[in-house]
file entry-v1.cif (mmCIF, C-alpha atoms)
data_start
#
loop_
_atom_site.label_atom_id
_atom_site.label_comp_id
_atom_site.auth_asym_id
_atom_site.auth_seq_id
_atom_site.Cartn_x
_atom_site.Cartn_y
_atom_site.Cartn_z
CA MET J 183 0.00 0.00 0.00
CA PRO J 184 1.50 3.36 -0.98
CA ARG J 185 2.67 5.71 1.70
CA PHE J 186 2.07 9.44 1.65
CA PRO J 187 4.08 12.07 3.49
CA GLY J 188 2.78 13.65 6.70
CA ARG J 189 2.12 16.91 4.90
CA ALA J 190 -0.41 15.16 2.63
CA VAL J 191 -2.10 13.52 5.63
CA LEU J 192 -2.40 16.91 7.32
CA LEU J 193 -3.90 18.38 4.14
CA ASP J 194 -6.44 15.58 3.87
CA GLY J 195 -7.39 15.98 7.54
CA THR J 196 -7.90 19.71 7.09
CA LEU J 197 -10.01 19.10 3.97
CA ALA J 198 -12.14 16.56 5.88
CA VAL J 199 -12.74 18.99 8.76
CA LEU J 200 -13.64 21.84 6.39
CA THR J 201 -16.07 19.68 4.41
CA THR J 202 -17.77 18.45 7.57
CA THR J 203 -17.95 21.99 9.00
CA VAL J 204 -19.41 23.57 5.85
CA VAL J 205 -22.00 20.80 5.42
CA ALA J 206 -22.91 20.93 9.10
CA VAL J 207 -23.43 24.71 8.91
CA ALA J 208 -25.68 24.25 5.86
CA ILE J 209 -27.68 21.61 7.73
CA ALA J 210 -28.02 23.84 10.77
CA ALA J 211 -29.32 26.69 8.61
CA ASP J 212 -32.42 24.51 8.01
CA ILE J 213 -33.51 26.33 4.86
CA GLY J 214 -36.93 25.47 3.43
CA ASP J 215 -39.82 23.36 4.55
CA HIS J 216 -38.08 20.05 5.24
CA ARG J 217 -37.69 17.52 8.03
CA THR J 218 -35.86 18.88 11.04
CA PRO J 219 -32.28 17.54 10.88
CA GLY J 220 -31.37 15.06 13.58
CA VAL J 221 -28.32 13.05 14.59
CA LEU J 222 -28.35 11.10 11.32
CA ALA J 223 -28.08 14.29 9.26
CA TYR J 224 -25.03 15.47 11.18
CA GLY J 225 -23.62 11.94 11.10
CA ILE J 226 -23.79 12.05 7.30
CA ALA J 227 -21.93 15.39 7.42
CA VAL J 228 -19.18 13.81 9.51
CA ALA J 229 -19.05 10.77 7.19
CA LEU J 230 -18.75 13.01 4.09
CA GLY J 231 -15.65 14.57 5.65
CA ALA J 232 -14.17 11.41 7.15
CA VAL J 233 -14.31 9.46 3.91
CA LEU J 234 -11.96 12.05 2.33
CA LEU J 235 -9.11 10.71 4.45
CA ALA J 236 -8.94 7.79 1.98
CA ARG J 237 -9.28 9.90 -1.17
CA ARG J 238 -5.68 9.37 -2.35
CA ARG J 239 -5.72 5.60 -2.00
CA PHE J 240 -9.27 4.90 -3.17
CA PRO J 241 -10.52 7.89 -5.20
CA ARG J 242 -13.31 6.05 -7.02
CA LEU J 243 -14.57 4.38 -3.86
CA VAL J 244 -14.53 7.66 -1.94
CA LEU J 245 -16.52 9.38 -4.70
CA THR J 246 -19.05 6.52 -4.83
CA VAL J 247 -19.51 6.47 -1.04
CA SER J 248 -19.87 10.27 -0.96
CA ALA J 249 -22.57 10.12 -3.64
CA ALA J 250 -24.37 7.35 -1.73
CA LEU J 251 -24.26 9.36 1.50
CA LEU J 252 -25.66 12.41 -0.26
CA ILE J 253 -28.49 10.40 -1.80
CA THR J 254 -29.29 8.97 1.65
CA TYR J 255 -29.36 12.49 3.06
CA TYR J 256 -31.82 13.78 0.49
CA VAL J 257 -34.00 10.66 0.65
CA ARG J 258 -34.50 11.50 4.33
CA ASP J 259 -35.82 14.91 3.20
CA TYR J 260 -33.32 16.91 5.19
CA PRO J 261 -32.63 20.62 4.39
CA PRO J 262 -30.80 21.23 1.08
CA ILE J 263 -26.99 21.41 1.25
CA GLY J 264 -26.28 21.40 -2.48
CA MET J 265 -23.89 19.02 -4.26
CA PRO J 266 -20.67 20.91 -5.11
CA VAL J 267 -19.58 21.23 -1.46
CA PRO J 268 -20.26 17.64 -0.29
CA LEU J 269 -18.87 16.13 -3.51
CA GLY J 270 -16.30 18.76 -4.58
CA ALA J 271 -13.26 17.28 -2.85
CA ALA J 272 -14.16 13.74 -3.95
CA LEU J 273 -14.63 14.88 -7.57
CA TYR J 274 -11.29 16.71 -7.47
CA SER J 275 -9.55 13.60 -6.08
CA ALA J 276 -11.01 11.39 -8.81
CA GLY J 277 -9.81 13.80 -11.51
CA GLU J 278 -6.37 14.01 -9.86
CA ALA J 279 -6.13 10.20 -9.86
CA GLY J 280 -6.96 9.98 -13.57
CA ARG J 281 -10.56 8.86 -13.00
CA SER J 282 -12.21 11.81 -14.75
CA GLY J 283 -14.59 9.55 -16.68
CA TRP J 284 -15.87 7.96 -13.50
CA ALA J 285 -16.21 11.38 -11.87
CA ALA J 286 -18.18 12.71 -14.85
CA THR J 287 -20.49 9.67 -14.75
CA ILE J 288 -21.21 10.15 -11.05
CA SER J 289 -21.80 13.87 -11.60
CA VAL J 290 -24.25 13.33 -14.46
CA GLY J 291 -26.08 10.66 -12.44
CA MET J 292 -26.36 12.84 -9.34
CA LEU J 293 -27.53 15.88 -11.35
CA SER J 294 -30.13 13.79 -13.16
CA ILE J 295 -31.53 12.25 -9.96
CA SER J 296 -31.59 15.61 -8.18
CA THR J 297 -33.23 17.46 -11.07
CA VAL J 298 -35.94 14.87 -11.65
CA ALA J 299 -36.74 14.63 -7.93
CA ARG J 300 -37.02 18.38 -7.54
CA LEU J 301 -39.18 18.75 -10.63
CA PHE J 302 -41.59 16.19 -9.16
CA ASP J 303 -41.46 18.22 -5.95
CA ASP J 304 -43.07 21.14 -7.85
CA GLU J 305 -40.02 23.43 -7.86
CA ASP J 306 -39.85 26.22 -10.44
CA PRO J 307 -38.51 24.60 -13.64
CA ALA J 308 -37.19 27.88 -15.03
CA TYR J 309 -35.12 28.60 -11.94
CA LEU J 310 -34.04 24.97 -11.54
CA LEU J 311 -33.05 24.33 -15.16
CA GLY J 312 -32.01 27.82 -16.17
CA TYR J 313 -29.88 28.74 -13.19
CA GLU J 314 -29.26 26.22 -10.42
CA LEU J 315 -28.57 23.22 -12.67
CA LEU J 316 -26.12 25.27 -14.75
CA VAL J 317 -24.28 26.62 -11.69
CA THR J 318 -24.09 23.21 -10.00
CA ALA J 319 -22.90 21.43 -13.16
CA THR J 320 -20.26 24.12 -13.76
CA ALA J 321 -18.95 23.84 -10.19
CA MET J 322 -18.75 20.05 -10.34
CA ALA J 323 -17.05 20.13 -13.77
CA ALA J 324 -14.56 22.70 -12.47
CA ALA J 325 -13.63 20.39 -9.56
CA ILE J 326 -12.99 17.50 -11.97
CA ALA J 327 -11.04 19.71 -14.39
CA LEU J 328 -8.91 21.14 -11.58
CA GLY J 329 -7.96 17.68 -10.38
CA ASP J 330 -7.18 16.52 -13.92
CA GLY J 331 -5.09 19.64 -14.53
CA VAL J 332 -3.03 19.00 -11.40
CA ARG J 333 -2.50 15.42 -12.56
CA SER J 334 -1.42 16.57 -16.03
CA ARG J 335 1.10 19.03 -14.60
CA ARG J 336 2.44 16.35 -12.29
CA LEU J 337 2.86 13.95 -15.22
CA LEU J 338 4.54 16.68 -17.26
CA ARG J 339 7.03 17.38 -14.47
CA ALA J 340 7.70 13.65 -14.12
CA GLU J 341 8.27 13.39 -17.87
CA GLN J 342 10.63 16.37 -17.77
CA ARG J 343 12.57 14.78 -14.90
CA GLU J 344 12.76 11.51 -16.81
CA ARG J 345 13.93 13.32 -19.95
CA SER J 346 16.57 15.14 -17.93
CA ARG J 347 17.68 11.84 -16.42
CA ARG J 348 17.97 10.24 -19.87
CA GLU J 349 19.91 13.24 -21.16
CA ARG J 350 22.30 13.02 -18.21
CA GLU J 351 22.76 9.31 -18.81
CA ALA J 352 23.37 9.91 -22.52
CA HIS J 353 25.89 12.62 -21.66
CA ASP J 354 27.60 10.28 -19.19
CA ARG J 355 27.75 7.54 -21.84
CA GLU J 356 29.15 9.99 -24.38
CA LEU J 357 31.72 11.17 -21.86
CA ALA J 358 32.65 7.58 -21.01
CA GLY J 359 33.01 6.83 -24.72
CA ALA J 360 35.25 9.86 -25.18
CA ILE J 361 37.39 8.80 -22.21
CA GLN J 362 37.63 5.27 -23.61
CA ALA J 363 38.61 6.61 -27.04
CA GLU J 364 41.25 8.82 -25.44
CA ARG J 365 42.62 5.88 -23.47
CA LEU J 366 42.73 3.89 -26.68
CA GLU J 367 44.75 6.60 -28.38
CA VAL J 368 47.10 6.78 -25.41
CA ALA J 369 47.55 3.01 -25.66
CA ARG J 370 48.32 3.27 -29.38
CA ASP J 371 50.81 6.08 -28.89
CA VAL J 372 52.54 4.27 -26.05
CA HIS J 373 52.67 1.13 -28.18
CA ASP J 374 54.13 3.08 -31.12
CA VAL J 375 56.77 4.84 -29.03
CA VAL J 376 57.83 1.76 -27.09
CA GLY J 377 57.80 -0.50 -30.15
CA HIS J 378 59.86 1.91 -32.23
CA THR J 379 62.35 2.53 -29.43
CA LEU J 380 62.84 -1.17 -28.74
CA THR J 381 63.50 -1.78 -32.42
CA VAL J 382 66.12 0.98 -32.48
CA VAL J 383 67.70 -0.31 -29.26
CA SER J 384 67.79 -3.85 -30.64
CA LEU J 385 69.47 -2.78 -33.88
CA HIS J 386 72.15 -0.67 -32.22
CA THR J 387 72.70 -3.28 -29.53
CA ASP J 388 73.42 -5.85 -32.25
CA VAL J 389 75.91 -3.43 -33.81
CA ALA J 390 77.59 -2.87 -30.45
CA LEU J 391 77.85 -6.61 -29.77
CA GLU J 392 79.47 -7.23 -33.15
CA ALA J 393 81.91 -4.33 -32.85
CA VAL J 394 82.81 -4.49 -29.16
CA ASP J 395 86.00 -6.48 -29.76
CA ASP J 396 87.12 -5.30 -33.20
CA ASP J 397 85.89 -1.68 -33.22
CA PRO J 398 85.35 -0.23 -29.73
CA VAL J 399 84.66 3.22 -31.20
CA ALA J 400 81.76 1.88 -33.29
CA ALA J 401 80.48 -0.06 -30.30
CA ARG J 402 80.58 3.07 -28.17
CA ARG J 403 78.77 5.04 -30.86
CA ALA J 404 76.07 2.36 -31.07
CA LEU J 405 75.56 2.42 -27.31
CA GLU J 406 75.33 6.20 -27.39
CA ASN J 407 72.62 5.82 -30.02
CA VAL J 408 70.84 3.42 -27.69
CA ARG J 409 70.98 5.94 -24.85
CA THR J 410 69.77 8.72 -27.15
CA ALA J 411 66.86 6.56 -28.31
CA CYS J 412 65.91 5.80 -24.71
CA ASP J 413 66.07 9.47 -23.72
CA THR J 414 63.99 10.44 -26.73
CA ALA J 415 61.41 7.75 -25.97
CA SER J 416 61.18 8.89 -22.36
CA ALA J 417 60.54 12.49 -23.39
CA GLU J 418 58.03 11.44 -26.02
CA LEU J 419 56.14 9.25 -23.55
CA ARG J 420 55.87 12.18 -21.16
CA ARG J 421 54.56 14.37 -23.97
CA THR J 422 52.16 11.65 -25.13
CA LEU J 423 50.67 11.09 -21.70
CA GLY J 424 50.53 14.81 -21.00
CA MET J 425 48.84 16.09 -24.13
CA ILE J 426 47.78 13.56 -26.75
CA ARG J 427 47.58 15.03 -30.23
CA SER J 428 48.73 18.45 -29.05
CA ALA J 429 50.30 20.99 -31.36
CA ASP J 430 53.83 19.96 -30.33
CA ALA J 431 53.25 16.25 -31.13
CA PRO J 432 55.73 14.90 -33.72
CA GLY J 433 54.66 15.36 -37.32
CA VAL J 434 55.97 15.26 -40.88
CA ALA J 435 59.04 17.34 -39.98
CA ALA J 436 60.15 14.60 -37.56
CA LEU J 437 60.18 11.84 -40.22
CA PRO J 438 63.84 12.32 -41.28
CA ALA J 439 64.96 11.98 -37.66
CA LEU J 440 62.80 8.88 -37.33
CA ALA J 441 64.48 7.37 -40.40
CA ALA J 442 67.94 8.28 -39.09
CA ASP J 443 67.24 6.38 -35.87
CA LEU J 444 66.86 3.18 -37.87
CA GLY J 445 70.16 3.60 -39.68
CA PRO J 446 70.83 3.47 -43.42
CA GLY J 447 68.37 1.98 -45.86
CA VAL J 448 65.33 4.15 -44.95
CA THR J 449 64.35 6.73 -47.58
CA VAL J 450 61.83 9.45 -46.85
CA ASP J 451 60.19 11.23 -49.81
CA VAL J 452 58.11 14.29 -48.86
CA PRO J 453 57.13 16.48 -51.84
CA ALA J 454 57.66 20.22 -51.57
CA ASP J 455 54.05 20.93 -52.56
CA LEU J 456 52.58 18.87 -49.72
CA GLY J 457 51.58 22.00 -47.85
CA PRO J 458 50.65 22.34 -44.16
CA LEU J 459 48.56 19.62 -42.56
CA PRO J 460 46.21 19.83 -39.57
CA PRO J 461 48.01 18.88 -36.33
CA VAL J 462 45.92 15.77 -35.85
CA VAL J 463 46.77 14.58 -39.39
CA GLU J 464 50.46 15.42 -38.87
CA ALA J 465 50.50 13.31 -35.72
CA ALA J 466 48.68 10.46 -37.45
CA VAL J 467 51.13 10.51 -40.38
CA PHE J 468 54.07 10.30 -38.00
CA ARG J 469 52.56 7.41 -36.04
CA ILE J 470 51.62 5.50 -39.20
CA VAL J 471 55.17 5.80 -40.56
CA GLN J 472 56.67 4.98 -37.17
CA GLU J 473 54.59 1.82 -36.82
CA ALA J 474 55.16 0.72 -40.42
CA VAL J 475 58.96 1.17 -40.45
CA THR J 476 59.25 -0.38 -36.99
CA ASN J 477 57.40 -3.47 -38.21
CA ALA J 478 59.48 -3.55 -41.37
CA ARG J 479 62.74 -3.45 -39.40
CA ARG J 480 61.46 -6.07 -37.00
CA HIS J 481 60.40 -8.53 -39.69
CA ALA J 482 62.44 -7.59 -42.75
CA GLY J 483 65.77 -6.92 -41.07
CA THR J 484 67.97 -4.47 -42.95
CA ALA J 485 65.95 -4.55 -46.17
CA PRO J 486 65.53 -1.11 -47.78
CA ILE J 487 62.43 0.85 -46.73
CA THR J 488 60.80 3.65 -48.70
CA VAL J 489 58.47 6.20 -47.14
CA ARG J 490 56.41 8.36 -49.51
CA LEU J 491 53.95 11.16 -48.80
CA ARG J 492 51.93 12.77 -51.57
CA PRO J 493 48.78 14.90 -51.86
CA ALA J 494 45.84 13.20 -53.55
CA GLY J 495 42.89 15.54 -53.94
CA PRO J 496 41.33 16.15 -50.52
CA ASP J 497 43.56 13.52 -48.94
CA VAL J 498 47.19 13.01 -48.11
CA GLU J 499 48.52 9.54 -48.90
CA VAL J 500 51.17 7.77 -46.85
CA GLU J 501 52.98 4.73 -48.22
CA VAL J 502 55.66 2.65 -46.53
CA CYS J 503 57.19 -0.21 -48.54
CA ASP J 504 59.96 -2.62 -47.67
CA GLU J 505 61.67 -5.02 -50.03
CA GLY J 506 61.42 -7.86 -47.56
CA ALA J 507 63.97 -10.23 -46.13
CA PRO J 508 65.76 -12.42 -48.69
CA GLY J 509 63.37 -15.11 -49.93
CA VAL J 510 60.45 -13.75 -47.89
CA ALA J 511 57.39 -12.08 -49.44
CA GLY J 512 55.24 -9.95 -47.22
CA SER J 513 57.48 -9.91 -44.21
CA ALA J 514 55.93 -7.22 -42.04
CA GLY J 515 53.26 -9.35 -40.43
CA GLY J 516 49.98 -8.16 -38.91
CA GLY J 517 50.40 -7.63 -35.16
CA LEU J 518 48.59 -5.39 -32.72
CA GLY J 519 50.51 -2.36 -33.95
CA LEU J 520 48.93 -2.63 -37.39
CA VAL J 521 45.51 -3.12 -35.79
CA GLY J 522 46.06 0.16 -33.95
CA LEU J 523 47.22 1.77 -37.19
CA ARG J 524 43.99 0.80 -38.94
CA GLU J 525 41.91 2.07 -36.02
CA ARG J 526 43.84 5.35 -35.93
CA VAL J 527 43.15 5.98 -39.61
CA ALA J 528 39.49 4.96 -39.24
CA LEU J 529 39.02 7.48 -36.42
CA LEU J 530 40.04 10.22 -38.86
CA GLY J 531 37.75 8.95 -41.62
CA GLY J 532 40.61 7.61 -43.74
CA ARG J 533 41.35 4.35 -45.57
CA THR J 534 44.12 1.76 -45.31
CA GLU J 535 45.61 -1.00 -47.43
CA ILE J 536 48.07 -3.29 -45.72
CA GLY J 537 49.53 -6.44 -47.19
CA PRO J 538 52.35 -8.16 -49.11
CA ARG J 539 53.66 -6.76 -52.37
CA PRO J 540 53.60 -8.95 -55.51
CA GLU J 541 57.29 -8.26 -56.09
CA GLY J 542 58.19 -9.13 -52.52
CA GLY J 543 58.17 -7.30 -49.24
CA TYR J 544 55.30 -5.52 -47.55
CA ARG J 545 53.28 -2.35 -48.18
CA VAL J 546 51.41 -0.11 -45.75
CA TRP J 547 49.24 2.53 -47.41
CA ALA J 548 46.87 5.04 -45.84
CA ALA J 549 44.83 7.98 -47.11
CA LEU J 550 43.89 10.65 -44.58
CA PRO J 551 41.42 13.49 -45.24
CA VAL J 552 43.32 16.75 -44.87
CA GLY J 553 40.28 18.25 -43.16
CA ALA J 554 40.06 15.33 -40.72
CA SER J 555 39.18 15.97 -37.12
CA ARG J 556 38.48 13.64 -34.31
CA PRO J 557 34.85 12.39 -34.67
CA PRO J 558 32.52 11.69 -31.77
CA ALA J 559 33.76 8.80 -29.68
CA GLU J 560 32.24 5.44 -30.43
CA THR J 561 32.50 2.16 -28.65
CA PRO J 562 35.90 0.75 -29.64
CA PRO J 563 35.81 -2.49 -31.63
CA ILE J 564 36.95 -5.78 -30.13
CA GLU J 565 40.43 -5.53 -31.64
CA ALA J 566 40.88 -2.04 -30.24
CA ALA J 567 39.75 -3.18 -26.80
CA ARG J 568 42.33 -5.96 -26.96
CA LEU J 569 44.93 -3.36 -27.85
CA VAL J 570 44.07 -1.34 -24.75
CA GLU J 571 44.37 -4.42 -22.57
CA GLU J 572 47.69 -5.29 -24.22
CA ALA J 573 49.02 -1.79 -23.67
CA ARG J 574 48.12 -1.93 -19.98
#

call {"tool": "encode", "arguments": {"input": "entry-v1.cif", "output": "structure tokens"}}
result
Amino acid sequence: MPRFPGRAVLLDGTLAVLTTTVVAVAIAADIGDHRTPGVLAYGIAVALGAVLLARRRFPRLVLTVSAALLITYYVRDYPPIGMPVPLGAALYSAGEAGRSGWAATISVGMLSISTVARLFDDEDPAYLLGYELLVTATAMAAAIALGDGVRSRRLLRAEQRERSRREREAHDRELAGAIQAERLEVARDVHDVVGHTLTVVSLHTDVALEAVDDDPVAARRALENVRTACDTASAELRRTLGMIRSADAPGVAALPALAADLGPGVTVDVPADLGPLPPVVEAAVFRIVQEAVTNARRHAGTAPITVRLRPAGPDVEVEVCDEGAPGVAGSAGGGLGLVGLRERVALLGGRTEIGPRPEGGYRVWAALPVGASRPPAETPPIEAARLVEEAR
């Protein structure tokens, strides 16, 4: 059974007392030539008020009982007390509870019974039909309409609260998606930086191991390159975690230095008419090349690598090709780094082609819209989610 706050109980009690008081005063006025009111008449007045205490829980029952009490009163030929006052609160409660149809039915029934009875009692038809019936019907209809209006406003406020709740939830989901997308990009950048640095360290460590006995100077230089690569990676990781895709993120201008880290055999071709690129595209180009050449070095050894950038209509195309290890076609493989590369390009609305070359080796190609910007975050695909877990 629903519970109502104490304030509502106090309001219902006050309404019950007022109804009983007004009806009792009307009875005591003893207007007209009718039976002298006795205990039963005042008992009906008390009952009309008391029944209102249950109006919130049982609105239809309260209205029905109130109508029955009023009929009983008039059947006993007690002084007139009208209908709007004894039934007003019950009619309002029925309308407030969404029982307007039931309230209208009771009202029409009570008006019909009262009118017919009074006409047979030789009352003036002109006064009864032309004035009193109209006033009484209007008052009873107003009580029903008021209750229904309160109910409508309450439902409207509830709907507005529900809409606000859904909007907050949608905003929270969008924010969570944006956070997840940002974490995914952090994971990709960390993977790119660490993977590239480890490849550089591995290459120069091999050089140092081979030259440590015969050429200490070359070995020392290789170890210095290792230290430089580690320092660079550390600084880049700090920058990556601090401000992903910021204006100072590495871009096209950093590609020659990236190629130099991997030693001879890496050629970078950037046309003079390439023009400026948006920062987010610059960062994506750098990461694509970094991932592609790192994979090529890892799988194709010292095979030559060619990096080409060229404008293509509204896009900028990036191509990284390696000639493959001797006797191996398509040597770059398809690890998590290339999954991240595809996802990075997809986030910018671009296209990728990754696979072995017919003449041997491996090719990574991507086309990025020059006007690309980060789109609204979406739920990362399964492969991207795996990448995040791997990066952690």

call {"tool": "resolve_selection", "arguments": {"input": "entry-v1.cif", "expression": "the PyMOL selection byres ((chain J and resi 282-284) around 9)", "output": "count of residues only"}}
result
19

call {"tool": "atom_distance", "arguments": {"input": "entry-v1.cif", "atom1": "CA of Thr297 (chain J)", "atom2": "CA of Ala211 (chain J)"}}
result
22.1 Å

call {"tool": "residues_around", "arguments": {"input": "entry-v1.cif", "residues": "Val221 (chain J)", "least_positions_apart": "5", "cutoff": "12 Å", "atoms": "only C-alpha atoms", "output": "list in words"}}
result
Ala206, Ile209, Ala210, Ile226, Ala227, Val228, Tyr255 and Tyr260 of chain J

call {"tool": "closest_residue", "arguments": {"input": "entry-v1.cif", "among": "J:Leu385, J:Leu200, J:Leu293, J:Arg335", "to": "Ala401 (chain J)", "atoms": "all atoms listed in the file"}}
result
J:Leu385

call {"tool": "atom_distance", "arguments": {"input": "entry-v1.cif", "atom1": "CA of Leu252 (chain J)", "atom2": "CA of Leu269 (chain J)"}}
result
8.4 Å

call {"tool": "resolve_selection", "arguments": {"input": "entry-v1.cif", "expression": "the PyMOL selection byres ((chain J and resi 491-507) around 9)", "output": "MDAnalysis selection string"}}
result
chainID J and resid 450:453 455:457 459 463 467 470:471 474:475 478:479 481:490 508:514 532 539 541:553

call {"tool": "atom_distance", "arguments": {"input": "entry-v1.cif", "atom1": "CA of Ala340 (chain J)", "atom2": "CA of Thr246 (chain J)"}}
result
29.2 Å

call {"tool": "decode", "arguments": {"input": "entry-v1.cif", "residues": "region 338-346 of chain J", "atoms": "all heavy atoms", "output": "PDB file, in the first residue's frame"}}
result
ATOM      1  N   LEU J 338       3.604  15.918 -16.435  1.00  0.00           N
ATOM      2  CA  LEU J 338       4.536  16.679 -17.259  1.00  0.00           C
ATOM      3  C   LEU J 338       5.862  16.869 -16.530  1.00  0.00           C
ATOM      4  O   LEU J 338       6.938  16.709 -17.126  1.00  0.00           O
ATOM      5  CB  LEU J 338       3.923  18.030 -17.626  1.00  0.00           C
ATOM      6  CG  LEU J 338       4.798  18.953 -18.474  1.00  0.00           C
ATOM      7  CD1 LEU J 338       5.144  18.296 -19.799  1.00  0.00           C
ATOM      8  CD2 LEU J 338       4.108  20.295 -18.699  1.00  0.00           C
ATOM      9  N   ARG J 339       5.788  17.212 -15.236  1.00  0.00           N
ATOM     10  CA  ARG J 339       7.026  17.378 -14.471  1.00  0.00           C
ATOM     11  C   ARG J 339       7.782  16.060 -14.369  1.00  0.00           C
ATOM     12  O   ARG J 339       9.013  16.037 -14.463  1.00  0.00           O
ATOM     13  CB  ARG J 339       6.700  17.924 -13.075  1.00  0.00           C
ATOM     14  CG  ARG J 339       6.288  19.381 -13.051  1.00  0.00           C
ATOM     15  CD  ARG J 339       6.343  19.935 -11.637  1.00  0.00           C
ATOM     16  NE  ARG J 339       5.394  19.259 -10.766  1.00  0.00           N
ATOM     17  CZ  ARG J 339       4.145  19.662 -10.562  1.00  0.00           C
ATOM     18  NH1 ARG J 339       3.689  20.732 -11.198  1.00  0.00           N
ATOM     19  NH2 ARG J 339       3.343  19.000  -9.732  1.00  0.00           N
ATOM     20  N   ALA J 340       7.045  14.961 -14.186  1.00  0.00           N
ATOM     21  CA  ALA J 340       7.704  13.655 -14.117  1.00  0.00           C
ATOM     22  C   ALA J 340       8.369  13.318 -15.447  1.00  0.00           C
ATOM     23  O   ALA J 340       9.488  12.778 -15.483  1.00  0.00           O
ATOM     24  CB  ALA J 340       6.684  12.579 -13.747  1.00  0.00           C
ATOM     25  N   GLU J 341       7.686  13.650 -16.544  1.00  0.00           N
ATOM     26  CA  GLU J 341       8.268  13.393 -17.869  1.00  0.00           C
ATOM     27  C   GLU J 341       9.518  14.246 -18.084  1.00  0.00           C
ATOM     28  O   GLU J 341      10.516  13.771 -18.648  1.00  0.00           O
ATOM     29  CB  GLU J 341       7.230  13.693 -18.949  1.00  0.00           C
ATOM     30  CG  GLU J 341       7.715  13.405 -20.359  1.00  0.00           C
ATOM     31  CD  GLU J 341       6.659  13.723 -21.398  1.00  0.00           C
ATOM     32  OE1 GLU J 341       5.507  14.005 -21.004  1.00  0.00           O
ATOM     33  OE2 GLU J 341       6.977  13.694 -22.587  1.00  0.00           O
ATOM     34  N   GLN J 342       9.464  15.506 -17.635  1.00  0.00           N
ATOM     35  CA  GLN J 342      10.633  16.375 -17.768  1.00  0.00           C
ATOM     36  C   GLN J 342      11.804  15.845 -16.941  1.00  0.00           C
ATOM     37  O   GLN J 342      12.958  15.872 -17.390  1.00  0.00           O
ATOM     38  CB  GLN J 342      10.275  17.797 -17.339  1.00  0.00           C
ATOM     39  CG  GLN J 342       9.333  18.494 -18.304  1.00  0.00           C
ATOM     40  CD  GLN J 342       8.854  19.830 -17.773  1.00  0.00           C
ATOM     41  OE1 GLN J 342       8.921  20.113 -16.574  1.00  0.00           O
ATOM     42  NE2 GLN J 342       8.353  20.676 -18.658  1.00  0.00           N
ATOM     43  N   ARG J 343      11.498  15.361 -15.721  1.00  0.00           N
ATOM     44  CA  ARG J 343      12.568  14.785 -14.901  1.00  0.00           C
ATOM     45  C   ARG J 343      13.155  13.540 -15.566  1.00  0.00           C
ATOM     46  O   ARG J 343      14.373  13.342 -15.556  1.00  0.00           O
ATOM     47  CB  ARG J 343      12.034  14.448 -13.508  1.00  0.00           C
ATOM     48  CG  ARG J 343      11.779  15.645 -12.632  1.00  0.00           C
ATOM     49  CD  ARG J 343      11.575  15.225 -11.180  1.00  0.00           C
ATOM     50  NE  ARG J 343      10.408  14.373 -11.025  1.00  0.00           N
ATOM     51  CZ  ARG J 343       9.182  14.822 -10.761  1.00  0.00           C
ATOM     52  NH1 ARG J 343       8.975  16.127 -10.635  1.00  0.00           N
ATOM     53  NH2 ARG J 343       8.179  13.976 -10.596  1.00  0.00           N
ATOM     54  N   GLU J 344      12.280  12.713 -16.139  1.00  0.00           N
ATOM     55  CA  GLU J 344      12.757  11.510 -16.811  1.00  0.00           C
ATOM     56  C   GLU J 344      13.591  11.865 -18.032  1.00  0.00           C
ATOM     57  O   GLU J 344      14.636  11.245 -18.299  1.00  0.00           O
ATOM     58  CB  GLU J 344      11.558  10.644 -17.237  1.00  0.00           C
ATOM     59  CG  GLU J 344      11.918   9.386 -18.007  1.00  0.00           C
ATOM     60  CD  GLU J 344      12.735   8.403 -17.206  1.00  0.00           C
ATOM     61  OE1 GLU J 344      12.755   8.517 -15.957  1.00  0.00           O
ATOM     62  OE2 GLU J 344      13.368   7.525 -17.821  1.00  0.00           O
ATOM     63  N   ARG J 345      13.155  12.897 -18.785  1.00  0.00           N
ATOM     64  CA  ARG J 345      13.928  13.323 -19.947  1.00  0.00           C
ATOM     65  C   ARG J 345      15.294  13.851 -19.518  1.00  0.00           C
ATOM     66  O   ARG J 345      16.314  13.552 -20.150  1.00  0.00           O
ATOM     67  CB  ARG J 345      13.157  14.401 -20.718  1.00  0.00           C
ATOM     68  CG  ARG J 345      13.830  14.776 -22.041  1.00  0.00           C
ATOM     69  CD  ARG J 345      13.106  15.902 -22.741  1.00  0.00           C
ATOM     70  NE  ARG J 345      11.714  15.572 -22.993  1.00  0.00           N
ATOM     71  CZ  ARG J 345      10.683  16.181 -22.436  1.00  0.00           C
ATOM     72  NH1 ARG J 345      10.890  17.166 -21.564  1.00  0.00           N
ATOM     73  NH2 ARG J 345       9.454  15.839 -22.721  1.00  0.00           N
ATOM     74  N   SER J 346      15.296  14.629 -18.439  1.00  0.00           N
ATOM     75  CA  SER J 346      16.568  15.141 -17.935  1.00  0.00           C
ATOM     76  C   SER J 346      17.480  14.004 -17.490  1.00  0.00           C
ATOM     77  O   SER J 346      18.694  14.027 -17.738  1.00  0.00           O
ATOM     78  CB  SER J 346      16.332  16.099 -16.764  1.00  0.00           C
ATOM     79  OG  SER J 346      15.571  17.215 -17.163  1.00  0.00           O
TER      80      SER J 346
END
